[in-house]
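A.B. asks: Input file: model-v7.txt. Contents: compact mmCIF, C-alpha atoms and all ligand atoms.
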# COMPACT_ATOMS: atom_id res chain seq x y z
CA MET K 1 -0.59 14.15 23.97
CA THR K 2 3.18 14.38 24.49
CA GLU K 3 4.86 11.00 24.24
CA ARG K 4 7.40 10.45 26.99
CA LYS K 5 9.77 7.63 26.15
CA LEU K 6 11.28 5.84 29.14
CA PHE K 7 13.77 3.00 28.84
CA LEU K 8 14.01 0.87 31.98
CA LEU K 9 17.10 -1.13 32.88
CA PRO K 10 16.35 -2.81 36.25
CA GLY K 11 19.61 -4.82 36.23
CA ASP K 12 20.60 -7.27 38.96
CA GLY K 13 20.04 -7.97 42.65
CA ILE K 14 17.56 -5.54 44.23
CA GLY K 15 17.36 -3.51 40.98
CA PRO K 16 14.23 -5.29 39.66
CA GLU K 17 12.48 -5.18 43.06
CA ALA K 18 13.07 -1.45 43.39
CA MET K 19 12.11 -0.79 39.75
CA ALA K 20 8.80 -2.65 40.24
CA GLU K 21 7.75 0.12 42.63
CA VAL K 22 8.45 2.77 39.97
CA HIS K 23 6.35 0.70 37.52
CA LYS K 24 3.38 1.08 39.85
CA LEU K 25 3.77 4.86 39.83
CA ILE K 26 4.15 5.02 36.05
CA SER K 27 1.02 2.89 35.54
CA TRP K 28 -1.06 5.11 37.78
CA MET K 29 0.31 8.31 36.24
CA ASN K 30 -0.50 6.92 32.79
CA GLU K 31 -4.09 6.27 33.90
CA GLN K 32 -4.20 10.02 34.63
CA GLY K 33 -2.89 10.78 31.11
CA ALA K 34 0.86 11.21 31.71
CA GLY K 35 1.67 9.53 28.38
CA PHE K 36 4.74 7.51 29.37
CA THR K 37 5.75 4.71 27.04
CA THR K 38 8.11 2.20 28.56
CA ASP K 39 10.45 -0.36 27.13
CA GLU K 40 12.70 -2.59 29.21
CA GLY K 41 16.16 -4.04 28.61
CA LEU K 42 18.93 -6.00 30.31
CA VAL K 43 22.09 -4.57 31.84
CA GLY K 44 24.85 -6.01 34.00
CA GLY K 45 25.02 -9.65 35.03
CA CYS K 46 21.60 -10.54 33.60
CA ALA K 47 22.68 -9.12 30.20
CA TYR K 48 25.88 -11.17 30.40
CA ASP K 49 23.86 -14.32 31.07
CA ALA K 50 21.58 -13.56 28.11
CA HIS K 51 24.04 -12.17 25.53
CA GLY K 52 27.59 -12.52 26.90
CA GLN K 53 27.80 -8.69 27.08
CA ALA K 54 27.13 -6.20 29.89
CA ILE K 55 24.60 -4.51 27.60
CA SER K 56 23.53 -5.54 24.08
CA GLU K 57 23.86 -3.23 21.05
CA ASP K 58 20.10 -3.31 20.69
CA ASP K 59 19.54 -2.10 24.26
CA MET K 60 22.28 0.52 23.86
CA ALA K 61 20.45 1.91 20.81
CA LYS K 62 17.17 2.00 22.76
CA ALA K 63 18.87 3.84 25.64
CA VAL K 64 20.32 6.46 23.31
CA ALA K 65 16.94 6.94 21.59
CA ALA K 66 14.89 7.27 24.80
CA ASP K 67 13.96 10.57 26.47
CA ALA K 68 15.31 9.14 29.72
CA VAL K 69 16.81 5.93 31.06
CA LEU K 70 15.93 4.57 34.50
CA PHE K 71 18.67 2.29 35.78
CA GLY K 72 18.40 -0.04 38.80
CA ALA K 73 21.70 -1.62 39.88
CA VAL K 74 24.20 -4.12 38.52
CA GLY K 75 26.57 -6.77 39.81
CA GLY K 76 26.76 -9.58 42.31
CA PRO K 77 29.00 -12.48 43.35
CA LYS K 78 27.68 -14.66 40.49
CA TRP K 79 29.58 -12.48 38.00
CA ASP K 80 32.74 -11.78 40.02
CA SER K 81 34.92 -13.83 37.70
CA VAL K 82 33.54 -12.89 34.25
CA PRO K 83 36.07 -11.26 31.87
CA TYR K 84 36.88 -7.63 32.78
CA GLU K 85 35.46 -6.09 29.56
CA VAL K 86 32.05 -7.68 30.13
CA ARG K 87 31.82 -7.28 33.92
CA PRO K 88 28.42 -5.90 35.05
CA GLU K 89 29.73 -2.33 35.68
CA ALA K 90 30.92 -2.16 32.07
CA GLY K 91 27.25 -1.78 31.07
CA LEU K 92 26.87 1.37 33.17
CA LEU K 93 30.19 2.83 31.97
CA ARG K 94 29.19 2.19 28.34
CA LEU K 95 25.86 3.96 28.89
CA ARG K 96 27.59 6.99 30.45
CA LYS K 97 30.14 7.11 27.65
CA ASP K 98 27.87 6.59 24.63
CA MET K 99 25.21 8.93 25.99
CA GLU K 100 27.96 11.49 26.82
CA LEU K 101 26.62 12.02 30.33
CA PHE K 102 29.09 14.60 31.62
CA ALA K 103 27.08 16.03 34.52
CA ASN K 104 26.31 13.96 37.59
CA LEU K 105 23.71 15.38 39.98
CA ARG K 106 23.52 14.10 43.52
CA PRO K 107 21.05 15.77 45.85
CA ALA K 108 21.50 15.47 49.59
CA ILE K 109 18.12 16.02 51.18
CA CYS K 110 17.49 15.36 54.83
CA TYR K 111 13.92 14.26 55.45
CA PRO K 112 12.84 15.72 58.84
CA ALA K 113 11.68 12.28 60.01
CA LEU K 114 15.20 10.89 59.59
CA ALA K 115 17.20 13.84 60.97
CA ALA K 116 17.72 12.07 64.27
CA SER K 117 19.35 9.08 62.57
CA SER K 118 22.11 11.15 60.91
CA SER K 119 25.61 10.87 62.33
CA LEU K 120 25.49 14.69 62.70
CA LYS K 121 23.34 16.65 65.17
CA PRO K 122 19.72 16.96 63.99
CA GLU K 123 19.90 20.80 63.88
CA VAL K 124 22.86 20.58 61.49
CA VAL K 125 21.05 18.39 58.94
CA GLU K 126 17.31 18.96 59.44
CA GLY K 127 15.86 20.56 56.31
CA LEU K 128 19.13 20.10 54.41
CA ASP K 129 18.68 20.34 50.63
CA ILE K 130 21.88 20.65 48.62
CA LEU K 131 22.87 19.48 45.18
CA ILE K 132 26.34 18.36 44.15
CA VAL K 133 27.07 18.74 40.43
CA ARG K 134 30.07 16.60 39.55
CA GLU K 135 31.91 16.59 36.21
CA LEU K 136 31.70 12.93 35.17
CA THR K 137 33.61 12.31 31.95
CA GLY K 138 36.93 14.16 32.37
CA GLY K 139 39.68 14.80 34.89
CA VAL K 140 42.06 12.40 36.55
CA TYR K 141 39.95 9.27 35.99
CA PHE K 142 40.38 9.58 32.23
CA GLY K 143 43.48 11.78 31.63
CA GLU K 144 46.51 10.33 29.81
CA PRO K 145 49.17 9.22 30.56
CA LYS K 146 47.63 6.76 32.98
CA GLU K 147 50.09 3.97 33.68
CA ILE K 148 52.46 2.17 35.98
CA ILE K 149 56.07 2.36 34.78
CA ASP K 150 58.84 0.03 35.92
CA LEU K 151 61.78 2.31 36.71
CA GLY K 152 64.20 -0.63 36.53
CA ASN K 153 65.79 0.02 39.93
CA GLY K 154 63.34 -2.02 41.95
CA GLN K 155 60.93 0.95 41.94
CA LYS K 156 57.73 1.50 40.02
CA ARG K 157 55.91 4.77 39.26
CA GLY K 158 52.12 5.11 39.12
CA ILE K 159 50.85 7.98 37.00
CA ASP K 160 47.40 9.52 36.62
CA THR K 161 46.85 12.80 34.82
CA GLN K 162 44.42 15.47 35.95
CA VAL K 163 43.42 17.32 32.79
CA TYR K 164 40.56 19.70 31.96
CA ASP K 165 39.84 21.75 28.84
CA THR K 166 37.92 25.04 28.86
CA TYR K 167 34.79 23.58 27.22
CA GLU K 168 34.50 20.85 29.85
CA ILE K 169 34.57 23.38 32.68
CA GLU K 170 32.21 25.75 30.88
CA ARG K 171 29.52 23.15 30.21
CA ILE K 172 29.46 21.85 33.80
CA THR K 173 29.35 25.44 35.09
CA GLY K 174 26.38 26.02 32.80
CA VAL K 175 24.52 23.01 34.24
CA ALA K 176 25.23 24.13 37.83
CA CYS K 177 24.09 27.73 37.19
CA GLU K 178 20.93 26.62 35.35
CA LEU K 179 20.02 24.34 38.25
CA ALA K 180 20.79 27.02 40.83
CA LYS K 181 18.26 29.28 39.10
CA THR K 182 15.54 26.71 39.87
CA ARG K 183 16.64 26.53 43.53
CA SER K 184 18.21 29.12 45.86
CA ASN K 185 20.33 30.70 43.12
CA LYS K 186 23.72 30.02 44.73
CA VAL K 187 26.67 28.08 43.30
CA CYS K 188 29.88 27.23 45.15
CA SER K 189 32.72 25.96 42.94
CA MET K 190 35.34 23.72 44.56
CA GLU K 191 38.88 22.95 43.34
CA LYS K 192 42.49 23.14 44.57
CA HIS K 193 43.91 26.18 42.75
CA ASN K 194 46.52 26.55 45.52
CA VAL K 195 48.35 23.39 44.42
CA MET K 196 46.98 22.33 41.02
CA LYS K 197 47.23 24.01 37.61
CA SER K 198 43.95 22.40 36.58
CA GLY K 199 42.48 24.06 39.67
CA VAL K 200 43.79 27.49 38.57
CA LEU K 201 42.14 27.00 35.18
CA TRP K 202 38.94 25.60 36.75
CA LYS K 203 38.50 28.69 38.94
CA GLU K 204 39.31 31.09 36.11
CA VAL K 205 36.92 29.46 33.62
CA VAL K 206 34.07 29.10 36.14
CA SER K 207 34.39 32.80 37.10
CA ASP K 208 34.56 33.97 33.51
CA TYR K 209 31.71 31.78 32.22
CA HIS K 210 29.53 32.77 35.16
CA LYS K 211 30.23 36.49 34.64
CA ARG K 212 29.35 36.29 30.95
CA ASN K 213 26.26 34.08 31.22
CA TYR K 214 24.84 33.99 34.74
CA PRO K 215 25.67 37.28 36.50
CA ASP K 216 22.41 37.00 38.49
CA VAL K 217 23.48 33.71 40.12
CA GLU K 218 25.51 34.13 43.32
CA LEU K 219 28.91 32.44 42.81
CA SER K 220 31.52 31.62 45.45
CA HIS K 221 34.72 29.54 45.42
CA MET K 222 36.15 27.21 48.04
CA LEU K 223 39.16 24.93 48.17
CA ALA K 224 37.88 21.36 47.92
CA ASP K 225 39.46 20.23 51.22
CA ALA K 226 37.89 23.17 53.06
CA GLY K 227 34.65 22.33 51.26
CA GLY K 228 34.73 18.80 52.70
CA MET K 229 35.18 20.26 56.16
CA GLN K 230 32.36 22.79 55.70
CA LEU K 231 30.06 20.05 54.45
CA VAL K 232 30.22 18.27 57.78
CA ARG K 233 30.42 21.48 59.87
CA TRP K 234 27.47 23.42 58.46
CA PRO K 235 26.13 21.88 55.23
CA LYS K 236 23.10 24.17 55.04
CA GLN K 237 25.34 27.06 53.91
CA PHE K 238 25.41 25.44 50.43
CA ASP K 239 22.83 25.26 47.65
CA VAL K 240 24.56 23.94 44.48
CA ILE K 241 28.18 22.76 44.61
CA VAL K 242 30.02 22.34 41.29
CA THR K 243 33.27 20.41 41.19
CA ASP K 244 35.45 18.08 39.13
CA ASN K 245 35.30 14.33 38.78
CA LEU K 246 37.69 13.34 41.58
CA PHE K 247 36.62 15.87 44.22
CA GLY K 248 33.00 15.34 43.21
CA ASP K 249 33.30 11.61 43.78
CA MET K 250 34.38 12.18 47.36
CA LEU K 251 32.34 15.26 48.25
CA SER K 252 29.10 13.74 46.94
CA ASP K 253 29.63 10.65 49.11
CA VAL K 254 30.27 12.86 52.14
CA ALA K 255 27.17 14.97 51.43
CA ALA K 256 25.04 11.94 50.74
CA MET K 257 25.85 10.22 53.99
CA LEU K 258 24.83 13.29 56.00
CA THR K 259 21.29 12.19 55.35
CA GLY K 260 21.09 8.51 56.26
CA SER K 261 20.92 5.20 54.42
CA LEU K 262 22.23 4.29 50.98
CA GLY K 263 18.70 3.17 50.22
CA MET K 264 17.55 6.82 50.21
CA LEU K 265 19.91 8.39 47.67
CA PRO K 266 18.95 9.18 44.07
CA SER K 267 21.14 10.52 41.27
CA ALA K 268 20.93 11.82 37.73
CA SER K 269 23.51 11.97 34.94
CA LEU K 270 22.87 14.45 32.14
CA GLY K 271 24.39 15.08 28.71
CA ALA K 272 24.50 18.21 26.56
CA PRO K 273 21.25 19.66 25.18
CA ASP K 274 20.41 18.43 21.68
CA ALA K 275 20.99 21.23 19.13
CA LYS K 276 17.50 20.78 17.59
CA THR K 277 15.22 19.79 20.46
CA GLY K 278 17.10 21.25 23.44
CA LYS K 279 16.55 17.94 25.27
CA ARG K 280 19.39 16.41 27.23
CA LYS K 281 20.21 12.70 27.25
CA ALA K 282 19.73 11.50 30.80
CA LEU K 283 20.11 8.48 33.04
CA TYR K 284 18.62 8.25 36.53
CA GLU K 285 19.80 5.72 39.09
CA PRO K 286 19.92 5.12 42.81
CA VAL K 287 23.38 5.55 44.35
CA HIS K 288 23.30 2.09 45.93
CA GLY K 289 24.46 -1.15 44.32
CA SER K 290 22.65 -4.45 43.80
CA ALA K 291 22.76 -5.41 47.52
CA PRO K 292 23.12 -9.18 46.93
CA ASP K 293 22.82 -9.76 50.70
CA ILE K 294 19.13 -8.80 50.65
CA ALA K 295 18.19 -9.37 46.98
CA GLY K 296 14.94 -11.22 46.29
CA GLN K 297 13.78 -10.89 49.90
CA GLN K 298 11.60 -7.77 49.63
CA LYS K 299 13.87 -6.03 52.14
CA ALA K 300 15.24 -3.33 49.81
CA ASN K 301 14.30 0.29 50.37
CA PRO K 302 12.81 1.49 47.05
CA ILE K 303 13.01 5.21 47.99
CA ALA K 304 16.34 5.86 46.19
CA MET K 305 14.83 4.39 43.01
CA ILE K 306 11.55 6.28 43.40
CA ALA K 307 13.39 9.54 44.18
CA SER K 308 15.50 8.94 41.03
CA PHE K 309 12.22 8.77 39.10
CA ALA K 310 11.21 12.08 40.73
CA MET K 311 14.47 13.58 39.41
CA CYS K 312 13.57 12.19 35.98
CA LEU K 313 10.17 13.92 36.10
CA ARG K 314 11.87 17.20 37.05
CA TYR K 315 14.89 17.23 34.74
CA SER K 316 13.79 15.24 31.66
CA PHE K 317 10.08 16.00 31.45
CA GLU K 318 9.75 19.36 33.21
CA MET K 319 6.99 17.79 35.35
CA ILE K 320 8.01 19.97 38.27
CA GLU K 321 4.69 19.76 40.16
CA GLU K 322 4.60 15.98 39.87
CA ALA K 323 8.25 15.69 40.97
CA THR K 324 7.65 17.88 44.02
CA ARG K 325 4.48 15.93 44.82
CA LEU K 326 6.35 12.63 44.65
CA GLU K 327 9.10 13.96 46.93
CA THR K 328 6.43 15.23 49.34
CA ALA K 329 4.78 11.80 49.23
CA ILE K 330 8.08 10.20 50.28
CA ALA K 331 8.53 12.72 53.12
CA ASN K 332 4.92 12.19 54.33
CA VAL K 333 5.29 8.40 54.34
CA LEU K 334 8.45 8.75 56.43
CA ASP K 335 6.63 11.19 58.74
CA LYS K 336 4.01 8.51 59.34
CA GLY K 337 6.78 6.26 60.65
CA ILE K 338 6.70 3.80 57.74
CA ARG K 339 10.21 2.33 57.44
CA THR K 340 12.02 -0.41 55.54
CA ALA K 341 14.57 -2.35 57.59
CA ASP K 342 17.58 -0.19 56.61
CA ILE K 343 16.05 2.97 58.13
CA ALA K 344 14.07 1.37 60.96
CA ALA K 345 14.91 2.24 64.56
CA ALA K 346 14.78 -0.25 67.43
CA GLY K 347 11.16 -1.17 68.10
CA ASP K 348 9.91 -0.30 64.57
CA SER K 349 8.27 -3.07 62.53
CA PRO K 350 9.84 -2.71 59.08
CA VAL K 351 7.71 -2.91 55.94
CA SER K 352 8.61 -4.74 52.73
CA THR K 353 9.81 -3.16 49.48
CA SER K 354 6.38 -3.36 47.92
CA GLN K 355 4.60 -2.12 51.06
CA MET K 356 6.86 0.97 51.02
CA GLY K 357 6.17 1.44 47.29
CA ASP K 358 2.41 1.07 47.86
CA ALA K 359 2.47 3.56 50.73
CA ILE K 360 4.24 6.15 48.56
CA LEU K 361 1.84 5.55 45.67
CA GLU K 362 -1.20 5.93 47.95
CA GLU K 363 0.24 9.15 49.39
CA TYR K 364 0.98 10.42 45.88
CA LYS K 365 -2.60 9.66 44.83
CA ALA K 366 -3.95 11.48 47.91
CA LEU K 367 -1.79 14.54 47.16
CA SER K 368 -2.98 14.49 43.53
CA ALA K 369 -6.69 14.44 44.46
P1 LIG W 401 25.56 -2.04 47.86
O1 LIG W 401 25.14 -0.63 47.72
O2 LIG W 401 24.91 -3.01 46.94
O3 LIG W 401 25.24 -2.52 49.37
C1 LIG W 401 25.89 -2.00 50.51
C2 LIG W 401 25.04 -2.26 51.76
O4 LIG W 401 23.90 -1.39 51.74
C3 LIG W 401 24.48 -3.68 51.80
O5 LIG W 401 24.44 -4.13 53.14
C4 LIG W 401 23.07 -3.55 51.27
O6 LIG W 401 22.17 -4.51 51.77
C5 LIG W 401 22.69 -2.13 51.73
N1 LIG W 401 21.78 -1.50 50.77
C6 LIG W 401 22.10 -1.00 49.55
N2 LIG W 401 21.01 -0.53 48.94
C7 LIG W 401 19.98 -0.75 49.77
C8 LIG W 401 18.58 -0.49 49.68
N3 LIG W 401 18.01 0.09 48.62
N4 LIG W 401 17.79 -0.86 50.73
C9 LIG W 401 18.34 -1.42 51.82
N5 LIG W 401 19.64 -1.69 51.96
C10 LIG W 401 20.46 -1.36 50.94
O7 LIG W 401 27.13 -2.10 47.72
P2 LIG W 401 28.13 -3.35 47.72
O8 LIG W 401 27.62 -4.38 48.69
O9 LIG W 401 29.46 -2.78 47.88
O10 LIG W 401 28.03 -3.96 46.26
C11 LIG W 401 27.16 -5.04 45.87
C12 LIG W 401 27.22 -5.20 44.37
O11 LIG W 401 26.70 -4.02 43.74
C13 LIG W 401 28.63 -5.38 43.83
O12 LIG W 401 28.58 -6.31 42.77
C14 LIG W 401 29.02 -4.01 43.30
O13 LIG W 401 29.95 -4.06 42.28
C15 LIG W 401 27.67 -3.51 42.81
N6 LIG W 401 27.51 -2.04 42.75
C16 LIG W 401 26.77 -1.57 41.72
C17 LIG W 401 26.51 -0.21 41.63
C18 LIG W 401 25.62 0.26 40.51
O14 LIG W 401 24.94 -0.55 39.91
N7 LIG W 401 25.58 1.55 40.23
C19 LIG W 401 26.99 0.67 42.61
C20 LIG W 401 27.72 0.15 43.68
C21 LIG W 401 27.98 -1.22 43.74
Just give me the structure as structure tokens.
Ligand code: NAD

C.D. replies:
Amino acid sequence: MTERKLFLLPGDGIGPEAMAEVHKLISWMNEQGAGFTTDEGLVGGCAYDAHGQAISEDDMAKAVAADAVLFGAVGGPKWDSVPYEVRPEAGLLRLRKDMELFANLRPAICYPALAASSSLKPEVVEGLDILIVRELTGGVYFGEPKEIIDLGNGQKRGIDTQVYDTYEIERITGVACELAKTRSNKVCSMEKHNVMKSGVLWKEVVSDYHKRNYPDVELSHMLADAGGMQLVRWPKQFDVIVTDNLFGDMLSDVAAMLTGSLGMLPSASLGAPDAKTGKRKALYEPVHGSAPDIAGQQKANPIAMIASFAMCLRYSFEMIEEATRLETAIANVLDKGIRTADIAAAGDSPVSTSQMGDAILEEYKALSA
């Protein structure tokens, strides 16, 4: 049987509560022969309490060696004043850096049962299924120089540098085109070539790489500001959007919020394929944080965490049927009107974190029968 090595990092706040619901799914899938092995580590504030670091070297090594990492959330007021280098978020940044996770995938799916609760009209978002592929390790967040200079005349100058090399644009284009082939086969690349040199290069490299490697995928280009506008005007025109780190940060938040609560949004971060095995390093995590205001109260919505596990099944283990079944289970549970407090409407009686997890597991079992 194939061994599937999962490393779980539940983290702080609602992270462990949400992860417990994924544990239930893994246990049941293993009873059916899925062959997952799991190991668990500490990240964020809990790792600081245990080791004085945001993640230990031992846990880092386990994350790098795993087939996939499932990450909960980190942070909370308890650790607000710890030294900057060991703050909870440093654990996540270290994981992204050491695992070289350069591609961030954020789906925006609108479950029919929640279409009415979007800030947009239901017909604009109902059935929405788009995927934003954001470059995660380059661009203006990392480019040098990055500094504040004292100009000596009572003025200061803040400098960030937007910089991209050909290989960085090529590899993210490759990820976007590969993913498009498993979906509706359309990629829209977004940049600002009208005002930015890095945008000119981005457009040129995307076009060239696409022409050489993915001529059968439909490619279009859009200026990133127009893209933001189109995302709220008529988001269903898009399938896969590929963009840089800065624009991706903003556009993925816009796209995500078309569909409802933070508690619903999964994400994946992928590295390059290994030269020998072809497997990519990967980390899956909900978009939300540790929600200290509701932590430990069984009020958290575990759907973002469970949907992140569905992404893990799809992208790390090629368990496409199981991933689709799990996403269908989530949609069916929502169709039945089962809601945690964050997505409940007036008059609904919200269920707890574990009741939502149990409902999804039962639905998944029924769909597997
Ligand atoms: P947050 O996402 O934790 O919470 C924002 C609001 O959304 C809160 O009212 C919270 O109760 C609600 N919410 C979030 N997830 C929910 C869920 N699954 N179910 C129901 N409600 C949910 O963001 P924040 O309050 O800005 O940050 C809290 C802490 O989390 C901070 O320490 C921050 O640094 C950290 N954080 C961590 C990550 C991460 O681990 N990737 C991301 C963002 C923030």

A.B. asks: Residues contacting ligand LIG 401 (chain W) - anything with an atom at most 6 Å away, using all atoms listed in the file - can you give me those as a PyMOL selection string?

C.D. replies: chain K and resi 73-76+262-263+288-294+300-302+342

A.B. asks: Skipping near chain neighbours, those fewer than 3 positions away, what residues fall within 8 Å of Gly158 of chain K using all atoms listed in the file, listed as a short mmCIF file (atom, residue, chain, number, x, y, z; two decimals) with C-alpha atoms, keeping the file's coordinate frame?

C.D. replies:
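The resulting around.cif:
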data_model
loop_
_atom_site.label_atom_id
_atom_site.label_comp_id
_atom_site.auth_asym_id
_atom_site.auth_seq_id
_atom_site.Cartn_x
_atom_site.Cartn_y
_atom_site.Cartn_z
CA LYS K 146 47.63 6.76 32.98
CA GLU K 147 50.09 3.97 33.68
CA ILE K 148 52.46 2.17 35.98
CA ILE K 149 56.07 2.36 34.78
#

A.B. asks: Can you pull out the residues contacting Asp239 of chain K? Cut-off 9 Å, using all atoms listed in the file, and skip same-chain residues under 3 positions away; I want them as a PyMOL selection string.

C.D. replies: chain K and resi 129-132+180+183-188+235-236

A.B. asks: Please indicate the distance in Å from atom CA of Leu8 of chain K to atom CA of Val69 of chain K, rounded to one decimal place.

C.D. replies: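 So the two atoms, atom CA of Leu8 of chain K and atom CA of Val69 of chain K, lie 5.9 Å apart.
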
A.B. asks: So what do you get for atom CA of Val333 of chain K versus atom CA of Ala34 of chain K, distance-wise?

C.D. replies: 23.2 Å

A.B. asks: Give me the residues near segment 211-228 of chain K as a PDB file with C-alpha atoms, in the frame of the given file, where near means some atom within 12 Å (using all atoms listed in the file) and where sequence neighbours in that chain fewer than 4 positions away do not count.

C.D. replies:
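Listing of selection.pdb after writing:
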ATOM      1  CA  ILE K 132      26.340  18.360  44.150  1.00  0.00           C
ATOM      2  CA  GLU K 170      32.210  25.750  30.880  1.00  0.00           C
ATOM      3  CA  ARG K 171      29.520  23.150  30.210  1.00  0.00           C
ATOM      4  CA  THR K 173      29.350  25.440  35.090  1.00  0.00           C
ATOM      5  CA  GLY K 174      26.380  26.020  32.800  1.00  0.00           C
ATOM      6  CA  VAL K 175      24.520  23.010  34.240  1.00  0.00           C
ATOM      7  CA  ALA K 176      25.230  24.130  37.830  1.00  0.00           C
ATOM      8  CA  CYS K 177      24.090  27.730  37.190  1.00  0.00           C
ATOM      9  CA  GLU K 178      20.930  26.620  35.350  1.00  0.00           C
ATOM     10  CA  LEU K 179      20.020  24.340  38.250  1.00  0.00           C
ATOM     11  CA  ALA K 180      20.790  27.020  40.830  1.00  0.00           C
ATOM     12  CA  LYS K 181      18.260  29.280  39.100  1.00  0.00           C
ATOM     13  CA  THR K 182      15.540  26.710  39.870  1.00  0.00           C
ATOM     14  CA  ARG K 183      16.640  26.530  43.530  1.00  0.00           C
ATOM     15  CA  SER K 184      18.210  29.120  45.860  1.00  0.00           C
ATOM     16  CA  ASN K 185      20.330  30.700  43.120  1.00  0.00           C
ATOM     17  CA  LYS K 186      23.720  30.020  44.730  1.00  0.00           C
ATOM     18  CA  VAL K 187      26.670  28.080  43.300  1.00  0.00           C
ATOM     19  CA  CYS K 188      29.880  27.230  45.150  1.00  0.00           C
ATOM     20  CA  SER K 189      32.720  25.960  42.940  1.00  0.00           C
ATOM     21  CA  MET K 190      35.340  23.720  44.560  1.00  0.00           C
ATOM     22  CA  GLU K 191      38.880  22.950  43.340  1.00  0.00           C
ATOM     23  CA  LYS K 192      42.490  23.140  44.570  1.00  0.00           C
ATOM     24  CA  HIS K 193      43.910  26.180  42.750  1.00  0.00           C
ATOM     25  CA  ASN K 194      46.520  26.550  45.520  1.00  0.00           C
ATOM     26  CA  VAL K 195      48.350  23.390  44.420  1.00  0.00           C
ATOM     27  CA  MET K 196      46.980  22.330  41.020  1.00  0.00           C
ATOM     28  CA  GLY K 199      42.480  24.060  39.670  1.00  0.00           C
ATOM     29  CA  VAL K 200      43.790  27.490  38.570  1.00  0.00           C
ATOM     30  CA  TRP K 202      38.940  25.600  36.750  1.00  0.00           C
ATOM     31  CA  LYS K 203      38.500  28.690  38.940  1.00  0.00           C
ATOM     32  CA  GLU K 204      39.310  31.090  36.110  1.00  0.00           C
ATOM     33  CA  VAL K 205      36.920  29.460  33.620  1.00  0.00           C
ATOM     34  CA  VAL K 206      34.070  29.100  36.140  1.00  0.00           C
ATOM     35  CA  SER K 207      34.390  32.800  37.100  1.00  0.00           C
ATOM     36  CA  VAL K 232      30.220  18.270  57.780  1.00  0.00           C
ATOM     37  CA  ARG K 233      30.420  21.480  59.870  1.00  0.00           C
ATOM     38  CA  TRP K 234      27.470  23.420  58.460  1.00  0.00           C
ATOM     39  CA  PRO K 235      26.130  21.880  55.230  1.00  0.00           C
ATOM     40  CA  GLN K 237      25.340  27.060  53.910  1.00  0.00           C
ATOM     41  CA  PHE K 238      25.410  25.440  50.430  1.00  0.00           C
ATOM     42  CA  ASP K 239      22.830  25.260  47.650  1.00  0.00           C
ATOM     43  CA  VAL K 240      24.560  23.940  44.480  1.00  0.00           C
ATOM     44  CA  ILE K 241      28.180  22.760  44.610  1.00  0.00           C
ATOM     45  CA  VAL K 242      30.020  22.340  41.290  1.00  0.00           C
ATOM     46  CA  THR K 243      33.270  20.410  41.190  1.00  0.00           C
ATOM     47  CA  ASP K 244      35.450  18.080  39.130  1.00  0.00           C
ATOM     48  CA  ASN K 245      35.300  14.330  38.780  1.00  0.00           C
ATOM     49  CA  LEU K 246      37.690  13.340  41.580  1.00  0.00           C
ATOM     50  CA  PHE K 247      36.620  15.870  44.220  1.00  0.00           C
ATOM     51  CA  GLY K 248      33.000  15.340  43.210  1.00  0.00           C
ATOM     52  CA  ASP K 249      33.300  11.610  43.780  1.00  0.00           C
ATOM     53  CA  MET K 250      34.380  12.180  47.360  1.00  0.00           C
ATOM     54  CA  LEU K 251      32.340  15.260  48.250  1.00  0.00           C
ATOM     55  CA  SER K 252      29.100  13.740  46.940  1.00  0.00           C
ATOM     56  CA  ASP K 253      29.630  10.650  49.110  1.00  0.00           C
ATOM     57  CA  VAL K 254      30.270  12.860  52.140  1.00  0.00           C
ATOM     58  CA  ALA K 255      27.170  14.970  51.430  1.00  0.00           C
ATOM     59  CA  LEU K 258      24.830  13.290  56.000  1.00  0.00           C
TER      60      LEU K 258
END

A.B. asks: With N, CA, C and O atoms retained, output segment 310-315 of chain K as a tab-separated table (two decimals), in the first residue's frame.

C.D. replies:
chain	number	residue	atom	x	y	z
K	310	ALA	N	-9.01	18.73	1.74
K	310	ALA	CA	-9.48	18.29	0.41
K	310	ALA	C	-8.47	18.72	-0.67
K	310	ALA	O	-8.16	17.95	-1.59
K	311	MET	N	-7.93	19.93	-0.52
K	311	MET	CA	-6.91	20.39	-1.48
K	311	MET	C	-5.68	19.48	-1.40
K	311	MET	O	-5.04	19.16	-2.40
K	312	CYS	N	-5.33	19.09	-0.17
K	312	CYS	CA	-4.18	18.20	0.04
K	312	CYS	C	-4.40	16.86	-0.67
K	312	CYS	O	-3.50	16.34	-1.34
K	313	LEU	N	-5.62	16.32	-0.55
K	313	LEU	CA	-5.92	15.05	-1.24
K	313	LEU	C	-5.72	15.22	-2.75
K	313	LEU	O	-5.14	14.37	-3.42
K	314	ARG	N	-6.20	16.36	-3.27
K	314	ARG	CA	-6.16	16.60	-4.72
K	314	ARG	C	-4.74	16.84	-5.21
K	314	ARG	O	-4.29	16.22	-6.17
K	315	TYR	N	-4.01	17.74	-4.54
K	315	TYR	CA	-2.74	18.20	-5.11
K	315	TYR	C	-1.52	17.40	-4.64
K	315	TYR	O	-0.55	17.30	-5.37
